[in-house]
Amino acid sequence: MTKSAPPPLMISRFDCERLEALLETPIARGLDTQALQAELERAEIVEPAKMPADVITMNSTARFLDENSGEERAMTLVFPRDADGSADKVSILAPVGSALLGLRIGDSIQWPIPGGRTISLRVLSIQYQPEAAGDYTR
């Protein structure tokens, strides 16, 4: 099986700076952050005010379709300090968190779940994006 090239990735300059700083912290050094580092290295960095509203950025809340079960769910991509263990918040340092960053409406990802299964999540909508809301401090 061949692995397809990852889709183009856009990250705001503000998110990129905060994520690079996060990768230097003790909490990140104890984790496997290679996927997130690779995403940052290949990303196109844009000014927050120029971020398209259909891109998942840090603190964005997006609605997803589980293509296996047909269920819909909303998740917010957060920094580790804001991850409270609830199913609706995903830390950027979790493998799926790194995969969500930069996805656009219509994009899909494969998400490994316990039990050795994988589900396919497709982005249906973005309910909140800080850049689109003019909230660059979150």
# chains A, B, ... in the order shown; residues from 1 in each chain; ligands from 1
$ residues_around --residues "A:Ile109" --least-positions-apart "6" --cutoff "8 Å" --atoms "only C-alpha atoms" --output "PyMOL selection string"
chain A and resi 99-100+120-122
$ closest_residue --among "A:Ala49, A:Glu72, A:Ile56, A:Pro114" --to "A:Ala133" --atoms "only C-alpha atoms"
A:Ala49
$ residues_around --residues "stretch 127-130 of chain A" --least-positions-apart "5" --cutoff "10 Å" --atoms "only C-alpha atoms" --output "ChimeraX atom specification"
/A:48-49,51-63,74-76,135-138
$ residues_around --residues "A:Glu44" --least-positions-apart "3" --cutoff "9 Å" --atoms "only C-alpha atoms" --output "ChimeraX atom specification"
/A:8-12,40-41
$ select_by_dssp --residues "stretch 5-89 of chain A" --states "strand (DSSP E or B)" --output "PDB file with C-alpha atoms, in the first residue's frame"
ATOM      1  CA  MET A  10      -1.692  26.211   6.483  1.00  0.00           C
ATOM      2  CA  ILE A  11      -0.871  27.445  10.004  1.00  0.00           C
ATOM      3  CA  SER A  12      -1.147  30.949  11.382  1.00  0.00           C
ATOM      4  CA  GLU A  44       2.682  27.392   4.883  1.00  0.00           C
ATOM      5  CA  ILE A  45       2.742  30.094   7.576  1.00  0.00           C
ATOM      6  CA  VAL A  46       0.154  32.858   7.131  1.00  0.00           C
ATOM      7  CA  VAL A  55      -9.007  25.776   8.198  1.00  0.00           C
ATOM      8  CA  THR A  61     -14.088  23.867  17.141  1.00  0.00           C
ATOM      9  CA  ALA A  62     -14.947  21.674  14.183  1.00  0.00           C
ATOM     10  CA  ARG A  63     -17.791  19.292  13.434  1.00  0.00           C
ATOM     11  CA  PHE A  64     -16.747  15.874  12.139  1.00  0.00           C
ATOM     12  CA  LEU A  65     -18.502  12.917  10.550  1.00  0.00           C
ATOM     13  CA  ASP A  66     -17.358   9.441  11.588  1.00  0.00           C
ATOM     14  CA  GLU A  72     -21.336  13.420  13.994  1.00  0.00           C
ATOM     15  CA  ARG A  73     -19.318  15.029  16.765  1.00  0.00           C
ATOM     16  CA  ALA A  74     -17.664  18.335  17.538  1.00  0.00           C
ATOM     17  CA  MET A  75     -14.104  18.659  18.836  1.00  0.00           C
ATOM     18  CA  THR A  76     -11.939  21.611  19.816  1.00  0.00           C
ATOM     19  CA  LEU A  77      -8.182  21.499  19.138  1.00  0.00           C
ATOM     20  CA  VAL A  78      -6.487  22.800  22.308  1.00  0.00           C
ATOM     21  CA  LYS A  89     -11.278  18.612  23.517  1.00  0.00           C
TER      22      LYS A  89
END
$ atom_distance --atom1 "atom CA of A:Ala87" --atom2 "atom CA of A:Leu19"
21.9 Å
$ select_by_dssp --residues "chain A" --states "alpha helix (DSSP H)" --output "PyMOL selection string"
chain A and resi 13-23+26-29+34-42+95-100+130-133
$ decode --residues "stretch 28-112 of chain A" --atoms "C-alpha atoms" --output "PDB file, in the first residue's frame"
ATOM      1  CA  ALA A  28       6.518  18.105  25.162  1.00  0.00           C
ATOM      2  CA  ARG A  29      10.049  16.742  25.513  1.00  0.00           C
ATOM      3  CA  GLY A  30       8.625  13.688  27.267  1.00  0.00           C
ATOM      4  CA  LEU A  31       6.350  12.859  24.332  1.00  0.00           C
ATOM      5  CA  ASP A  32       6.791  11.782  20.733  1.00  0.00           C
ATOM      6  CA  THR A  33       6.272  15.080  18.941  1.00  0.00           C
ATOM      7  CA  GLN A  34       7.818  14.104  15.597  1.00  0.00           C
ATOM      8  CA  ALA A  35       4.474  14.250  13.758  1.00  0.00           C
ATOM      9  CA  LEU A  36       3.764  17.765  15.025  1.00  0.00           C
ATOM     10  CA  GLN A  37       7.308  18.901  14.216  1.00  0.00           C
ATOM     11  CA  ALA A  38       6.977  17.501  10.697  1.00  0.00           C
ATOM     12  CA  GLU A  39       3.658  19.332  10.234  1.00  0.00           C
ATOM     13  CA  LEU A  40       5.212  22.633  11.330  1.00  0.00           C
ATOM     14  CA  GLU A  41       8.165  22.145   8.972  1.00  0.00           C
ATOM     15  CA  ARG A  42       5.969  21.563   5.912  1.00  0.00           C
ATOM     16  CA  ALA A  43       3.345  24.181   6.732  1.00  0.00           C
ATOM     17  CA  GLU A  44       2.682  27.392   4.883  1.00  0.00           C
ATOM     18  CA  ILE A  45       2.742  30.094   7.576  1.00  0.00           C
ATOM     19  CA  VAL A  46       0.154  32.858   7.131  1.00  0.00           C
ATOM     20  CA  GLU A  47      -0.716  35.944   9.117  1.00  0.00           C
ATOM     21  CA  PRO A  48      -3.736  35.319  11.399  1.00  0.00           C
ATOM     22  CA  ALA A  49      -5.859  37.924   9.621  1.00  0.00           C
ATOM     23  CA  LYS A  50      -5.277  36.114   6.305  1.00  0.00           C
ATOM     24  CA  MET A  51      -6.200  32.628   7.586  1.00  0.00           C
ATOM     25  CA  PRO A  52      -9.064  31.147   5.531  1.00  0.00           C
ATOM     26  CA  ALA A  53     -12.117  30.466   7.706  1.00  0.00           C
ATOM     27  CA  ASP A  54     -12.312  26.821   6.539  1.00  0.00           C
ATOM     28  CA  VAL A  55      -9.007  25.776   8.198  1.00  0.00           C
ATOM     29  CA  ILE A  56      -8.703  24.155  11.650  1.00  0.00           C
ATOM     30  CA  THR A  57      -6.367  26.275  13.775  1.00  0.00           C
ATOM     31  CA  MET A  58      -5.554  26.121  17.474  1.00  0.00           C
ATOM     32  CA  ASN A  59      -8.696  26.537  19.613  1.00  0.00           C
ATOM     33  CA  SER A  60     -10.947  25.916  16.602  1.00  0.00           C
ATOM     34  CA  THR A  61     -14.088  23.867  17.141  1.00  0.00           C
ATOM     35  CA  ALA A  62     -14.947  21.674  14.183  1.00  0.00           C
ATOM     36  CA  ARG A  63     -17.791  19.292  13.434  1.00  0.00           C
ATOM     37  CA  PHE A  64     -16.747  15.874  12.139  1.00  0.00           C
ATOM     38  CA  LEU A  65     -18.502  12.917  10.550  1.00  0.00           C
ATOM     39  CA  ASP A  66     -17.358   9.441  11.588  1.00  0.00           C
ATOM     40  CA  GLU A  67     -17.531   7.897   8.122  1.00  0.00           C
ATOM     41  CA  ASN A  68     -17.665   4.389   9.631  1.00  0.00           C
ATOM     42  CA  SER A  69     -20.650   4.883  11.951  1.00  0.00           C
ATOM     43  CA  GLY A  70     -22.321   7.939  10.426  1.00  0.00           C
ATOM     44  CA  GLU A  71     -22.147   9.721  13.816  1.00  0.00           C
ATOM     45  CA  GLU A  72     -21.336  13.420  13.994  1.00  0.00           C
ATOM     46  CA  ARG A  73     -19.318  15.029  16.765  1.00  0.00           C
ATOM     47  CA  ALA A  74     -17.664  18.335  17.538  1.00  0.00           C
ATOM     48  CA  MET A  75     -14.104  18.659  18.836  1.00  0.00           C
ATOM     49  CA  THR A  76     -11.939  21.611  19.816  1.00  0.00           C
ATOM     50  CA  LEU A  77      -8.182  21.499  19.138  1.00  0.00           C
ATOM     51  CA  VAL A  78      -6.487  22.800  22.308  1.00  0.00           C
ATOM     52  CA  PHE A  79      -3.141  23.329  23.972  1.00  0.00           C
ATOM     53  CA  PRO A  80      -2.284  20.718  26.638  1.00  0.00           C
ATOM     54  CA  ARG A  81      -3.169  23.105  29.489  1.00  0.00           C
ATOM     55  CA  ASP A  82      -6.761  23.284  28.162  1.00  0.00           C
ATOM     56  CA  ALA A  83      -7.227  19.533  27.607  1.00  0.00           C
ATOM     57  CA  ASP A  84      -9.483  18.454  30.463  1.00  0.00           C
ATOM     58  CA  GLY A  85     -10.015  14.828  29.479  1.00  0.00           C
ATOM     59  CA  SER A  86     -13.405  15.472  27.899  1.00  0.00           C
ATOM     60  CA  ALA A  87     -14.137  13.858  24.534  1.00  0.00           C
ATOM     61  CA  ASP A  88     -14.797  17.235  22.926  1.00  0.00           C
ATOM     62  CA  LYS A  89     -11.278  18.612  23.517  1.00  0.00           C
ATOM     63  CA  VAL A  90      -8.208  17.190  21.791  1.00  0.00           C
ATOM     64  CA  SER A  91      -4.670  18.218  22.774  1.00  0.00           C
ATOM     65  CA  ILE A  92      -2.339  19.253  19.970  1.00  0.00           C
ATOM     66  CA  LEU A  93       0.213  16.878  21.556  1.00  0.00           C
ATOM     67  CA  ALA A  94      -2.079  13.859  21.031  1.00  0.00           C
ATOM     68  CA  PRO A  95      -1.415  12.093  17.719  1.00  0.00           C
ATOM     69  CA  VAL A  96      -4.874  12.944  16.410  1.00  0.00           C
ATOM     70  CA  GLY A  97      -4.428  16.568  17.526  1.00  0.00           C
ATOM     71  CA  SER A  98      -1.378  16.948  15.303  1.00  0.00           C
ATOM     72  CA  ALA A  99      -3.377  15.404  12.456  1.00  0.00           C
ATOM     73  CA  LEU A 100      -6.303  17.827  12.906  1.00  0.00           C
ATOM     74  CA  LEU A 101      -4.182  20.984  12.702  1.00  0.00           C
ATOM     75  CA  GLY A 102      -4.574  22.600   9.308  1.00  0.00           C
ATOM     76  CA  LEU A 103      -7.365  20.348   8.018  1.00  0.00           C
ATOM     77  CA  ARG A 104      -9.970  22.076   5.884  1.00  0.00           C
ATOM     78  CA  ILE A 105     -13.684  21.523   5.517  1.00  0.00           C
ATOM     79  CA  GLY A 106     -14.113  18.386   3.404  1.00  0.00           C
ATOM     80  CA  ASP A 107     -10.745  16.836   4.412  1.00  0.00           C
ATOM     81  CA  SER A 108     -10.651  13.378   6.022  1.00  0.00           C
ATOM     82  CA  ILE A 109      -8.188  11.705   8.373  1.00  0.00           C
ATOM     83  CA  GLN A 110      -7.735   8.149   9.588  1.00  0.00           C
ATOM     84  CA  TRP A 111      -7.790   7.997  13.391  1.00  0.00           C
ATOM     85  CA  PRO A 112      -6.530   4.876  15.215  1.00  0.00           C
TER      86      PRO A 112
END
